[in-house]
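K.L.:
My structure file query34.cif, mmCIF, C-alpha atoms, is below:
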data_structure
#
loop_
_atom_site.label_atom_id
_atom_site.label_comp_id
_atom_site.auth_asym_id
_atom_site.auth_seq_id
_atom_site.Cartn_x
_atom_site.Cartn_y
_atom_site.Cartn_z
CA MET J 1 6.90 12.56 -5.95
CA LYS J 2 9.93 13.51 -8.01
CA PHE J 3 9.41 13.88 -11.75
CA SER J 4 12.50 13.57 -13.94
CA ARG J 5 13.19 15.65 -17.00
CA GLY J 6 12.28 13.94 -20.23
CA MET J 7 9.76 11.56 -18.67
CA GLY J 8 6.80 13.31 -20.31
CA ALA J 9 3.85 11.00 -20.73
CA VAL J 10 5.68 8.26 -18.83
CA ALA J 11 5.40 10.19 -15.61
CA ALA J 12 1.74 10.79 -16.34
CA ALA J 13 1.18 7.19 -17.32
CA VAL J 14 2.90 5.50 -14.46
CA LEU J 15 2.39 7.94 -11.63
CA ALA J 16 -1.04 9.37 -12.40
CA THR J 17 -3.90 8.75 -10.02
CA ALA J 18 -7.01 6.96 -11.19
CA SER J 19 -8.95 10.24 -11.29
CA ALA J 20 -6.32 11.92 -13.45
CA ALA J 21 -6.23 8.91 -15.79
CA ALA J 22 -9.96 9.16 -16.28
CA PHE J 23 -9.49 12.54 -17.99
CA ALA J 24 -6.53 11.54 -20.17
CA ALA J 25 -7.07 11.55 -23.91
CA PRO J 26 -7.30 7.97 -25.18
CA PRO J 27 -4.26 6.85 -27.18
CA THR J 28 -4.69 6.73 -30.96
CA GLY J 29 -2.83 5.42 -33.98
CA ASP J 30 -0.69 2.33 -34.39
CA PRO J 31 0.48 0.80 -31.12
CA ILE J 32 4.04 0.92 -29.91
CA VAL J 33 4.96 -2.75 -29.55
CA LEU J 34 7.39 -4.12 -26.98
CA GLY J 35 8.46 -7.72 -26.47
CA TRP J 36 8.48 -9.46 -23.08
CA VAL J 37 10.48 -12.63 -22.45
CA GLY J 38 10.48 -14.94 -19.43
CA PRO J 39 9.72 -18.42 -18.12
CA LEU J 40 6.02 -19.27 -17.97
CA SER J 41 6.38 -23.06 -17.95
CA ALA J 42 8.76 -25.79 -16.76
CA PRO J 43 11.67 -26.31 -16.53
CA GLY J 44 11.98 -22.55 -16.03
CA ASN J 45 11.05 -20.76 -12.82
CA TYR J 46 7.51 -20.22 -14.03
CA SER J 47 6.22 -18.89 -10.70
CA SER J 48 8.55 -15.90 -10.94
CA GLY J 49 7.89 -15.59 -14.67
CA GLN J 50 4.14 -15.42 -14.13
CA GLU J 51 4.55 -12.77 -11.47
CA MET J 52 6.77 -10.74 -13.79
CA ARG J 53 4.12 -10.93 -16.50
CA TRP J 54 1.35 -9.89 -14.09
CA ALA J 55 3.36 -6.84 -13.04
CA THR J 56 3.99 -5.92 -16.67
CA GLU J 57 0.33 -6.28 -17.60
CA LEU J 58 -0.64 -4.05 -14.70
CA GLY J 59 1.82 -1.39 -15.90
CA VAL J 60 0.60 -1.58 -19.50
CA ASP J 61 -3.02 -1.09 -18.41
CA GLU J 62 -2.07 1.94 -16.31
CA ILE J 63 -0.09 3.51 -19.12
CA ASN J 64 -2.85 3.07 -21.70
CA GLN J 65 -5.49 4.38 -19.30
CA ALA J 66 -3.36 7.50 -18.83
CA GLY J 67 -2.97 8.25 -22.55
CA GLY J 68 -0.43 5.73 -23.82
CA VAL J 69 3.11 6.45 -24.98
CA LEU J 70 3.73 9.43 -27.26
CA GLY J 71 -0.06 9.51 -27.59
CA ARG J 72 -0.12 5.98 -29.02
CA PRO J 73 -1.39 2.78 -27.37
CA LEU J 74 1.20 0.49 -25.81
CA LYS J 75 1.13 -3.21 -26.68
CA VAL J 76 3.34 -5.97 -25.27
CA SER J 77 3.86 -9.33 -26.98
CA TYR J 78 4.67 -12.08 -24.45
CA GLU J 79 6.97 -15.03 -25.10
CA ASP J 80 7.43 -18.06 -22.82
CA THR J 81 11.13 -18.94 -22.86
CA LYS J 82 10.71 -21.97 -20.54
CA GLY J 83 14.11 -21.36 -18.94
CA GLN J 84 15.78 -22.70 -22.11
CA PRO J 85 18.39 -20.75 -24.13
CA ALA J 86 17.13 -22.10 -27.48
CA GLU J 87 13.60 -20.95 -26.62
CA GLY J 88 14.90 -17.51 -25.66
CA SER J 89 16.82 -17.13 -28.91
CA ALA J 90 13.81 -18.18 -30.99
CA ALA J 91 11.52 -15.88 -29.01
CA ALA J 92 13.79 -12.90 -29.62
CA VAL J 93 13.86 -13.59 -33.36
CA ARG J 94 10.04 -13.82 -33.50
CA LEU J 95 9.58 -10.61 -31.53
CA ILE J 96 11.97 -8.68 -33.76
CA THR J 97 11.07 -10.07 -37.19
CA LYS J 98 7.36 -10.82 -36.76
CA ASP J 99 6.12 -8.38 -34.11
CA LYS J 100 8.53 -5.58 -35.08
CA VAL J 101 9.14 -4.62 -31.45
CA SER J 102 10.86 -1.43 -30.42
CA ALA J 103 12.60 -3.20 -27.51
CA ILE J 104 12.72 -6.52 -25.66
CA PHE J 105 12.65 -6.71 -21.87
CA GLY J 106 12.25 -9.20 -19.03
CA GLU J 107 13.83 -12.62 -18.40
CA PHE J 108 14.65 -14.48 -15.20
CA HIS J 109 17.35 -16.96 -16.29
CA SER J 110 20.82 -15.71 -17.18
CA SER J 111 21.64 -18.49 -19.66
CA VAL J 112 18.47 -17.65 -21.58
CA ALA J 113 19.28 -13.95 -21.46
CA LEU J 114 22.70 -14.60 -22.97
CA ALA J 115 21.05 -16.30 -25.95
CA GLU J 116 18.55 -13.45 -26.33
CA ILE J 117 21.12 -10.66 -26.26
CA ASP J 118 23.08 -12.21 -29.13
CA VAL J 119 19.92 -11.89 -31.24
CA ALA J 120 19.22 -8.36 -30.00
CA HIS J 121 22.79 -7.37 -30.88
CA GLN J 122 22.52 -8.93 -34.33
CA TYR J 123 19.37 -6.94 -35.14
CA GLY J 124 20.29 -3.75 -33.26
CA VAL J 125 17.25 -3.88 -30.98
CA PRO J 126 17.49 -2.79 -27.31
CA TRP J 127 17.19 -5.48 -24.64
CA VAL J 128 16.64 -4.69 -20.94
CA GLY J 129 17.07 -7.43 -18.30
CA THR J 130 14.79 -7.70 -15.27
CA ASP J 131 16.19 -10.41 -12.94
CA VAL J 132 19.28 -11.90 -14.62
CA TRP J 133 22.58 -11.73 -12.73
CA SER J 134 25.38 -13.29 -14.80
CA ASP J 135 28.28 -10.85 -15.23
CA ASP J 136 28.59 -11.87 -18.88
CA ILE J 137 25.28 -10.26 -19.85
CA THR J 138 26.63 -6.74 -19.60
CA ALA J 139 30.31 -7.73 -19.79
CA LYS J 140 29.81 -8.44 -23.50
CA GLN J 141 29.34 -4.66 -23.73
CA TYR J 142 26.74 -4.86 -26.46
CA PRO J 143 25.38 -1.33 -27.01
CA GLU J 144 21.84 -2.74 -27.12
CA VAL J 145 21.96 -4.44 -23.70
CA PHE J 146 20.96 -2.88 -20.36
CA ARG J 147 20.21 -4.41 -16.96
CA LEU J 148 18.18 -3.39 -13.90
CA ALA J 149 19.07 -6.48 -11.87
CA PRO J 150 22.45 -6.76 -10.13
CA ALA J 151 25.43 -8.42 -11.76
CA ASN J 152 26.81 -11.35 -9.76
CA SER J 153 29.92 -9.31 -8.99
CA LEU J 154 27.81 -6.41 -7.77
CA ILE J 155 25.76 -8.41 -5.29
CA TYR J 156 27.73 -11.49 -4.25
CA VAL J 157 30.78 -9.54 -3.09
CA LYS J 158 28.43 -7.80 -0.65
CA ILE J 159 26.84 -11.11 0.31
CA GLY J 160 30.28 -12.63 0.89
CA ASN J 161 31.29 -9.71 3.10
CA TRP J 162 28.03 -10.03 5.05
CA ILE J 163 28.62 -13.76 5.55
CA ALA J 164 32.06 -12.99 6.96
CA ASP J 165 30.74 -10.19 9.18
CA GLN J 166 28.14 -12.57 10.63
CA GLY J 167 30.91 -14.85 11.87
CA PHE J 168 30.25 -17.86 9.62
CA LYS J 169 33.43 -19.93 9.32
CA HIS J 170 32.59 -22.95 7.18
CA VAL J 171 30.28 -22.37 4.21
CA ALA J 172 28.88 -24.84 1.67
CA THR J 173 27.68 -23.29 -1.59
CA VAL J 174 25.33 -25.27 -3.83
CA ALA J 175 25.26 -23.72 -7.31
CA GLU J 176 23.32 -24.61 -10.43
CA ASN J 177 25.33 -25.48 -13.55
CA THR J 178 24.40 -22.28 -15.39
CA ASP J 179 26.05 -18.93 -16.08
CA PHE J 180 24.26 -17.43 -13.08
CA GLY J 181 25.00 -20.28 -10.70
CA GLN J 182 28.65 -20.82 -11.53
CA GLY J 183 29.38 -17.10 -11.84
CA GLY J 184 27.72 -16.25 -8.52
CA ALA J 185 29.38 -19.13 -6.71
CA LYS J 186 32.83 -18.10 -7.96
CA VAL J 187 32.35 -14.52 -6.76
CA VAL J 188 31.24 -15.54 -3.27
CA VAL J 189 33.88 -18.29 -2.92
CA ASP J 190 36.65 -15.88 -3.96
CA THR J 191 35.33 -13.18 -1.62
CA LEU J 192 35.20 -15.56 1.34
CA LYS J 193 38.67 -16.93 0.56
CA LYS J 194 40.09 -13.42 0.96
CA LYS J 195 38.43 -13.33 4.39
CA GLY J 196 40.01 -16.64 5.40
CA ILE J 197 36.68 -18.51 5.26
CA VAL J 198 36.45 -21.97 3.77
CA ASP J 199 33.68 -22.40 1.17
CA THR J 200 32.99 -25.82 -0.32
CA PRO J 201 31.28 -25.42 -3.71
CA THR J 202 28.97 -28.11 -5.09
CA THR J 203 27.39 -28.03 -8.56
CA ILE J 204 23.90 -29.37 -9.22
CA ASP J 205 21.89 -29.95 -12.38
CA LEU J 206 18.56 -28.13 -12.50
CA ASN J 207 16.90 -31.28 -13.84
CA GLN J 208 17.85 -33.23 -10.73
CA GLN J 209 15.16 -34.30 -8.28
CA ASP J 210 17.27 -36.00 -5.63
CA PHE J 211 19.92 -33.83 -3.98
CA THR J 212 20.26 -36.07 -0.92
CA PRO J 213 23.66 -37.62 -1.78
CA ALA J 214 25.28 -34.18 -2.25
CA LEU J 215 23.66 -32.84 0.91
CA ILE J 216 24.79 -35.85 2.96
CA ARG J 217 28.38 -35.30 1.80
CA LEU J 218 28.21 -31.67 2.85
CA MET J 219 26.62 -32.27 6.25
CA ASN J 220 29.19 -34.94 7.07
CA GLN J 221 32.13 -32.63 6.47
CA ASN J 222 34.39 -32.00 9.43
CA PRO J 223 33.84 -29.32 10.49
CA LYS J 224 30.18 -29.27 9.53
CA PRO J 225 29.11 -26.19 7.49
CA ASP J 226 27.51 -23.46 9.55
CA LEU J 227 25.92 -21.96 6.43
CA LEU J 228 24.40 -23.72 3.42
CA GLN J 229 24.07 -21.25 0.55
CA MET J 230 22.15 -21.84 -2.68
CA VAL J 231 23.02 -19.97 -5.86
CA VAL J 232 20.07 -21.48 -7.68
CA ALA J 233 17.40 -19.62 -9.66
CA GLY J 234 14.97 -22.38 -10.52
CA GLN J 235 12.38 -24.56 -8.81
CA ALA J 236 15.22 -26.88 -7.71
CA GLN J 237 15.62 -24.70 -4.61
CA TYR J 238 12.32 -26.03 -3.25
CA GLN J 239 13.60 -29.61 -3.36
CA ILE J 240 16.99 -28.69 -1.89
CA VAL J 241 15.24 -26.99 1.04
CA LYS J 242 12.91 -29.94 1.63
CA GLN J 243 15.66 -32.56 1.45
CA ALA J 244 18.12 -30.58 3.61
CA CYS J 245 15.36 -30.16 6.20
CA GLN J 246 14.39 -33.84 6.12
CA LEU J 247 18.03 -34.75 6.77
CA GLY J 248 18.09 -32.42 9.77
CA PHE J 249 20.89 -30.49 8.06
CA ALA J 250 19.41 -27.01 7.43
CA PRO J 251 17.94 -24.59 8.27
CA THR J 252 18.89 -25.37 11.87
CA ALA J 253 20.62 -23.69 14.79
CA ASP J 254 23.91 -25.22 13.66
CA THR J 255 23.55 -24.65 9.90
CA LYS J 256 21.66 -21.66 8.53
CA MET J 257 20.35 -21.69 4.94
CA LEU J 258 20.55 -18.86 2.41
CA GLY J 259 18.84 -18.82 -0.99
CA SER J 260 17.95 -16.56 -3.89
CA SER J 261 14.83 -14.85 -5.19
CA GLY J 262 12.97 -18.01 -6.27
CA LEU J 263 12.22 -18.57 -2.58
CA LEU J 264 10.20 -15.35 -2.42
CA GLN J 265 7.22 -17.00 -4.10
CA LYS J 266 4.38 -18.28 -1.91
CA ASP J 267 4.91 -21.68 -3.57
CA VAL J 268 7.79 -22.25 -1.15
CA TRP J 269 5.25 -22.67 1.68
CA GLU J 270 3.11 -25.00 -0.42
CA VAL J 271 6.07 -27.24 -1.32
CA ASP J 272 8.30 -26.98 1.76
CA GLY J 273 5.83 -26.21 4.55
CA LYS J 274 7.48 -25.68 7.91
CA CYS J 275 10.89 -26.46 6.38
CA ALA J 276 10.79 -22.98 4.78
CA ASN J 277 10.69 -21.28 8.17
CA HIS J 278 14.02 -19.62 9.05
CA LEU J 279 15.16 -19.51 5.43
CA LEU J 280 17.40 -16.55 4.60
CA ILE J 281 16.78 -15.02 1.17
CA VAL J 282 18.47 -12.41 -0.99
CA ASN J 283 15.65 -10.04 -1.98
CA VAL J 284 16.26 -7.38 -4.64
CA ALA J 285 13.80 -4.82 -3.31
CA ARG J 286 13.50 -1.98 -0.87
CA PRO J 287 11.91 -2.87 2.47
CA LYS J 288 8.35 -1.78 3.15
CA SER J 289 9.62 1.03 5.39
CA GLN J 290 11.37 2.56 2.36
CA TRP J 291 8.53 2.31 -0.18
CA ASN J 292 7.68 5.51 -2.03
CA ASP J 293 4.08 6.44 -2.89
CA LYS J 294 4.36 4.77 -6.26
CA ALA J 295 5.46 1.50 -4.67
CA LYS J 296 2.54 1.62 -2.24
CA ARG J 297 0.09 2.12 -5.11
CA PHE J 298 1.64 -0.71 -7.10
CA VAL J 299 1.54 -3.14 -4.17
CA LYS J 300 -2.10 -2.27 -3.47
CA ALA J 301 -3.12 -2.70 -7.12
CA PHE J 302 -1.21 -5.98 -7.49
CA GLN J 303 -2.73 -7.35 -4.26
CA GLN J 304 -6.25 -6.43 -5.36
CA LYS J 305 -5.84 -8.01 -8.79
CA HIS J 306 -4.01 -11.21 -7.84
CA ASN J 307 -4.91 -11.70 -4.18
CA ARG J 308 -1.26 -11.83 -3.18
CA PRO J 309 1.44 -9.25 -2.50
CA PRO J 310 4.10 -8.77 -5.18
CA THR J 311 7.66 -9.85 -4.47
CA GLY J 312 10.79 -7.90 -5.32
CA VAL J 313 10.85 -9.74 -8.67
CA ALA J 314 7.47 -8.23 -9.57
CA MET J 315 8.72 -4.79 -8.55
CA GLU J 316 11.75 -5.22 -10.82
CA ALA J 317 9.45 -6.25 -13.68
CA TYR J 318 7.16 -3.25 -13.20
CA ASP J 319 10.17 -0.94 -13.14
CA THR J 320 11.70 -2.53 -16.24
CA LEU J 321 8.61 -1.64 -18.24
CA GLY J 322 8.71 1.87 -16.79
CA VAL J 323 12.36 2.33 -17.76
CA VAL J 324 11.76 1.18 -21.35
CA VAL J 325 8.75 3.48 -21.74
CA ALA J 326 10.69 6.36 -20.19
CA ALA J 327 13.44 5.79 -22.78
CA ILE J 328 10.90 5.97 -25.61
CA GLU J 329 9.59 9.23 -24.20
CA GLN J 330 13.14 10.51 -23.77
CA ALA J 331 13.90 9.70 -27.41
CA LYS J 332 10.48 10.92 -28.63
CA SER J 333 10.58 7.90 -30.91
CA SER J 334 9.90 4.17 -30.89
CA ASP J 335 12.67 3.44 -33.40
CA PRO J 336 15.01 0.86 -31.78
CA LYS J 337 18.15 2.91 -32.38
CA ALA J 338 16.52 5.97 -30.83
CA VAL J 339 15.33 3.89 -27.87
CA ILE J 340 18.91 2.76 -27.23
CA LYS J 341 19.95 6.43 -27.01
CA GLY J 342 16.99 7.06 -24.74
CA LEU J 343 18.07 4.27 -22.41
CA GLU J 344 21.60 5.68 -22.24
CA ASN J 345 20.17 9.01 -21.06
CA VAL J 346 17.24 7.79 -18.98
CA HIS J 347 16.73 8.95 -15.39
CA TYR J 348 13.57 7.29 -14.13
CA THR J 349 12.08 6.92 -10.67
CA GLY J 350 10.28 3.63 -10.23
CA VAL J 351 8.96 1.64 -7.27
CA ASN J 352 12.34 0.21 -6.34
CA ALA J 353 14.86 2.90 -7.26
CA THR J 354 15.77 5.82 -9.49
CA TYR J 355 17.35 4.25 -12.56
CA SER J 356 20.16 5.28 -14.86
CA PHE J 357 22.77 3.15 -16.59
CA SER J 358 26.53 3.23 -16.21
CA THR J 359 28.73 3.88 -19.22
CA ASP J 360 31.89 2.70 -17.45
CA LYS J 361 33.63 -0.15 -19.21
CA THR J 362 35.80 -1.17 -16.27
CA PRO J 363 34.96 -3.62 -14.82
CA ALA J 364 33.46 -5.02 -17.99
CA TRP J 365 30.13 -5.96 -16.38
CA ALA J 366 29.48 -2.33 -15.34
CA TYR J 367 28.64 -1.20 -18.89
CA HIS J 368 24.90 -0.37 -19.15
CA GLN J 369 24.44 -1.80 -15.65
CA PHE J 370 22.21 -0.10 -13.09
CA MET J 371 24.70 0.23 -10.24
CA ASP J 372 22.64 1.27 -7.22
CA VAL J 373 20.55 -1.90 -6.93
CA PRO J 374 18.65 -2.04 -3.60
CA PHE J 375 18.60 -5.42 -1.89
CA THR J 376 18.13 -7.00 1.51
CA VAL J 377 18.72 -10.34 3.16
CA ILE J 378 15.47 -11.34 4.83
CA GLN J 379 14.51 -14.26 7.06
CA TYR J 380 11.15 -15.95 7.41
CA THR J 381 10.21 -16.27 11.08
CA GLN J 382 6.71 -17.74 10.84
CA MET J 383 4.66 -19.93 8.55
CA ASN J 384 3.22 -18.47 5.32
CA GLN J 385 5.00 -15.17 5.86
CA ALA J 386 5.13 -12.73 2.93
CA PRO J 387 8.61 -11.41 2.05
CA GLU J 388 7.72 -7.82 2.96
CA ASP J 389 6.75 -8.99 6.45
CA ALA J 390 9.92 -11.02 7.06
CA VAL J 391 12.65 -9.67 9.31
CA ILE J 392 15.60 -7.93 7.64
CA VAL J 393 19.10 -8.96 8.69
CA TYR J 394 21.04 -6.97 6.04
CA PRO J 395 21.96 -4.18 5.35
CA LYS J 396 22.49 -2.64 8.76
CA GLU J 397 20.67 0.62 7.96
CA TRP J 398 17.49 -1.30 7.08
CA ALA J 399 17.85 -4.22 9.51
CA THR J 400 14.96 -4.99 11.84
CA THR J 401 16.87 -7.56 13.90
CA ASP J 402 20.47 -8.39 14.78
CA LYS J 403 19.73 -12.09 15.34
CA ILE J 404 19.58 -14.98 12.88
CA LEU J 405 17.22 -17.75 13.92
CA PRO J 406 17.13 -20.37 15.24
CA LEU J 407 19.55 -19.39 17.96
CA LYS J 408 22.03 -21.92 19.27
#
As structure tokens, please, write out the structure in this file.

P.N.:
Amino acid sequence: MKFSRGMGAVAAAVLATASAAAFAAPPTGDPIVLGWVGPLSAPGNYSSGQEMRWATELGVDEINQAGGVLGRPLKVSYEDTKGQPAEGSAAAVRLITKDKVSAIFGEFHSSVALAEIDVAHQYGVPWVGTDVWSDDITAKQYPEVFRLAPANSLIYVKIGNWIADQGFKHVATVAENTDFGQGGAKVVVDTLKKKGIVDTPTTIDLNQQDFTPALIRLMNQNPKPDLLQMVVAGQAQYQIVKQACQLGFAPTADTKMLGSSGLLQKDVWEVDGKCANHLLIVNVARPKSQWNDKAKRFVKAFQQKHNRPPTGVAMEAYDTLGVVVAAIEQAKSSDPKAVIKGLENVHYTGVNATYSFSTDKTPAWAYHQFMDVPFTVIQYTQMNQAPEDAVIVYPKEWATTDKILPLK
């Protein structure tokens, strides 16, 4: 394993074996307190939020067993933001003013993140995003804000190019009416337009239950879409999949179906059953063949504790905690201003990547953005398949198949 300069106790905490941890001096003194934010109840994507919390809790336990941070115990205060901006804003205020946190991290919904970062900026407290993609989060260029997840413009240009390379000619993009959904849809539509590919965008409300009228309009287009893409973060994806399948629209040989990370949860099989087979999904994670030793240990520990493998979202969450702790070690202080400096200089190897943050201000979204985000497009090919066992269709260097099912 590669240890980075300045990681200090972080490297020991996160990478130590169980036997080494057993001999670590127990942490003493007042705890270093961090704040976690994310959806743990409806209408937010609570399945992903719960998995993010589980991964964080696992990391906290490992760190404390290995001696803590700067010799002090690590404590995380958890806030359920319910996928609602007002809840996120209130949670950030409580964490800063009541819990006196050194940093805030987490979140799954971009609109909620945008509310949280305004509070973080107001109070001068660092905020690190786990799985939030709206360009505006880092484009505001707040010095307190950092992101591990990809910006829409970082990932959907690549997705648009892949769609074109696959030979799709008529795309229908269903996007939620949020900063993430509308921003992602615009990037992919603009990218495809440059390639001469028609993309019909449709906006949906996350509180909807019946998407049938919109899906019928799309499937009756002439020519019929050969790809139905969802830029949707919430539970609404499950219903879109079920209703598109019931209509015989997608995923089929004539119309493939591509979604985002919410479809990585095992709940998709419980809700959609066989309709989830052949779904294509954007997965922000390295494939199993590329896992480092740390990733293998994390997956094993997560599986043992929760009786399910972690998705890429859990890996992002585990790494977000690691990055924040590495920044505290880098700064040799838990003072928020010092932690911000630590984040600007951090170089941390996690389960998914080796992280550092850009200081470029052009394009605007690149500021404090992690630029080398690993991701794949996977496809389920059998019932109840875990994401790490699905075939990989993109990128080429990691692909395990050159075919997208079902074949015509």

K.L.:
On this structure, which residues satisfy the PyMOL selection byres ((chain J and resi 346) around 7), written as a PyMOL selection string?

P.N.:
chain J and resi 326-327+330+342-345+347-348+356

K.L.:
Would you compute the distance between atom CA of His368 of chain J and atom CA of Gly44 of chain J? Give it in Å to one decimal.

P.N.:
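Atom CA of Gly44 of chain J lies 25.9 Å from atom CA of His368 of chain J.
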
K.L.:
Using atom CA of Met219 of chain J and atom CA of Lys408 of chain J as the two end points, give the distance in Å to one decimal.

P.N.:
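Distance reported for this atom pair: 17.3 Å.
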
K.L.:
When you look at Lys396 of chain J with a cut-off of 12 Å (counting all atoms listed in the file), what residues show up, excluding the ones that are within fewer than 5 positions of it in the same chain? I need them as a PyMOL selection string.

P.N.:
chain J and resi 162+165-166+375-378+401-403

K.L.:
So, with all atoms listed in the file as the atoms that count, which of J:Asp267, J:Asp135, J:Cys245, J:Ile32 lies closest to Asn64 of chain J?

P.N.:
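With all atoms listed in the file as the atom set, the closest residue is J:Ile32.
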
K.L.:
Got a sec: who's within 7 Å of segment 221-235 of chain J, counting all atoms listed in the file, leaving out chain neighbours fewer than 5 positions off, as a PDB file with C-alpha atoms, keeping the file's coordinate frame?

P.N.:
ATOM      1  CA  GLY J  44      11.980 -22.550 -16.030  1.00  0.00           C
ATOM      2  CA  ASN J  45      11.050 -20.760 -12.820  1.00  0.00           C
ATOM      3  CA  PHE J 168      30.250 -17.860   9.620  1.00  0.00           C
ATOM      4  CA  LYS J 169      33.430 -19.930   9.320  1.00  0.00           C
ATOM      5  CA  HIS J 170      32.590 -22.950   7.180  1.00  0.00           C
ATOM      6  CA  VAL J 171      30.280 -22.370   4.210  1.00  0.00           C
ATOM      7  CA  ALA J 172      28.880 -24.840   1.670  1.00  0.00           C
ATOM      8  CA  THR J 173      27.680 -23.290  -1.590  1.00  0.00           C
ATOM      9  CA  VAL J 174      25.330 -25.270  -3.830  1.00  0.00           C
ATOM     10  CA  ALA J 175      25.260 -23.720  -7.310  1.00  0.00           C
ATOM     11  CA  GLU J 176      23.320 -24.610 -10.430  1.00  0.00           C
ATOM     12  CA  GLY J 181      25.000 -20.280 -10.700  1.00  0.00           C
ATOM     13  CA  GLY J 184      27.720 -16.250  -8.520  1.00  0.00           C
ATOM     14  CA  ALA J 185      29.380 -19.130  -6.710  1.00  0.00           C
ATOM     15  CA  ASP J 254      23.910 -25.220  13.660  1.00  0.00           C
ATOM     16  CA  THR J 255      23.550 -24.650   9.900  1.00  0.00           C
ATOM     17  CA  LYS J 256      21.660 -21.660   8.530  1.00  0.00           C
ATOM     18  CA  MET J 257      20.350 -21.690   4.940  1.00  0.00           C
ATOM     19  CA  LEU J 258      20.550 -18.860   2.410  1.00  0.00           C
ATOM     20  CA  GLY J 259      18.840 -18.820  -0.990  1.00  0.00           C
ATOM     21  CA  SER J 260      17.950 -16.560  -3.890  1.00  0.00           C
ATOM     22  CA  GLY J 262      12.970 -18.010  -6.270  1.00  0.00           C
TER      23      GLY J 262
END

K.L.:
For Gln239 of chain J, please output as an MDAnalysis selection string all residues within 9 Å (counting only C-alpha atoms; exclusion window: fewer than 5 positions along the same chain).

P.N.:
chainID J and resid 209:211 244 271:272

K.L.:
Using the chain letters and numbers from the file, which residues does the PyMOL selection byres ((chain J and resi 264) around 10) grab, as a VMD selection string?

P.N.:
chain J and resid 47 to 48 259 to 263 265 to 269 281 to 283 310 to 313 378 380 385 to 388

K.L.:
Just C-alpha atoms for this one: save the residues we selected as an mmCIF file, in the coordinates of the input.

P.N.:
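Saved to part18.cif:
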data_model
loop_
_atom_site.group_PDB
_atom_site.id
_atom_site.type_symbol
_atom_site.label_atom_id
_atom_site.label_comp_id
_atom_site.auth_asym_id
_atom_site.auth_seq_id
_atom_site.Cartn_x
_atom_site.Cartn_y
_atom_site.Cartn_z
ATOM 1 C CA SER J 47 6.220 -18.890 -10.700
ATOM 2 C CA SER J 48 8.550 -15.900 -10.940
ATOM 3 C CA GLY J 259 18.840 -18.820 -0.990
ATOM 4 C CA SER J 260 17.950 -16.560 -3.890
ATOM 5 C CA SER J 261 14.830 -14.850 -5.190
ATOM 6 C CA GLY J 262 12.970 -18.010 -6.270
ATOM 7 C CA LEU J 263 12.220 -18.570 -2.580
ATOM 8 C CA GLN J 265 7.220 -17.000 -4.100
ATOM 9 C CA LYS J 266 4.380 -18.280 -1.910
ATOM 10 C CA ASP J 267 4.910 -21.680 -3.570
ATOM 11 C CA VAL J 268 7.790 -22.250 -1.150
ATOM 12 C CA TRP J 269 5.250 -22.670 1.680
ATOM 13 C CA ILE J 281 16.780 -15.020 1.170
ATOM 14 C CA VAL J 282 18.470 -12.410 -0.990
ATOM 15 C CA ASN J 283 15.650 -10.040 -1.980
ATOM 16 C CA PRO J 310 4.100 -8.770 -5.180
ATOM 17 C CA THR J 311 7.660 -9.850 -4.470
ATOM 18 C CA GLY J 312 10.790 -7.900 -5.320
ATOM 19 C CA VAL J 313 10.850 -9.740 -8.670
ATOM 20 C CA ILE J 378 15.470 -11.340 4.830
ATOM 21 C CA TYR J 380 11.150 -15.950 7.410
ATOM 22 C CA GLN J 385 5.000 -15.170 5.860
ATOM 23 C CA ALA J 386 5.130 -12.730 2.930
ATOM 24 C CA PRO J 387 8.610 -11.410 2.050
ATOM 25 C CA GLU J 388 7.720 -7.820 2.960
#

K.L.:
Excluding same-chain residues fewer than 6 positions from segment 337-339 of chain J, what lies within 12 Å of it counting all atoms listed in the file, as a list in words?

P.N.:
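Here the answer would be Ile32, Leu34, Val101, Ser102, Ala103, Ile104, Ala120, His121, Tyr123, Gly124, Val125, Pro126, Trp127, Val128, Pro143, Glu144, Val145, Phe146, Val323, Val324, Val325, Ala326, Ala327, Ile328, Glu329, Gln330, Ala331, Asn345 and Val346 of chain J.
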
K.L.:
Those same residues - C-alpha atoms - I'd like them written as a compact mmCIF listing (two decimals), keeping the file's coordinate frame.

P.N.:
# COMPACT_ATOMS: atom_id res chain seq x y z
CA ILE J 32 4.04 0.92 -29.91
CA LEU J 34 7.39 -4.12 -26.98
CA VAL J 101 9.14 -4.62 -31.45
CA SER J 102 10.86 -1.43 -30.42
CA ALA J 103 12.60 -3.20 -27.51
CA ILE J 104 12.72 -6.52 -25.66
CA ALA J 120 19.22 -8.36 -30.00
CA HIS J 121 22.79 -7.37 -30.88
CA TYR J 123 19.37 -6.94 -35.14
CA GLY J 124 20.29 -3.75 -33.26
CA VAL J 125 17.25 -3.88 -30.98
CA PRO J 126 17.49 -2.79 -27.31
CA TRP J 127 17.19 -5.48 -24.64
CA VAL J 128 16.64 -4.69 -20.94
CA PRO J 143 25.38 -1.33 -27.01
CA GLU J 144 21.84 -2.74 -27.12
CA VAL J 145 21.96 -4.44 -23.70
CA PHE J 146 20.96 -2.88 -20.36
CA VAL J 323 12.36 2.33 -17.76
CA VAL J 324 11.76 1.18 -21.35
CA VAL J 325 8.75 3.48 -21.74
CA ALA J 326 10.69 6.36 -20.19
CA ALA J 327 13.44 5.79 -22.78
CA ILE J 328 10.90 5.97 -25.61
CA GLU J 329 9.59 9.23 -24.20
CA GLN J 330 13.14 10.51 -23.77
CA ALA J 331 13.90 9.70 -27.41
CA ASN J 345 20.17 9.01 -21.06
CA VAL J 346 17.24 7.79 -18.98

K.L.:
Using all atoms listed in the file, which of the listed residues (J:Val241, J:Ala353, J:Met52, J:Val157) sits closest to Ala285 of chain J?

P.N.:
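Ranking J:Val241, J:Ala353, J:Met52, J:Val157 by distance to Ala285 of chain J, first place goes to J:Ala353.
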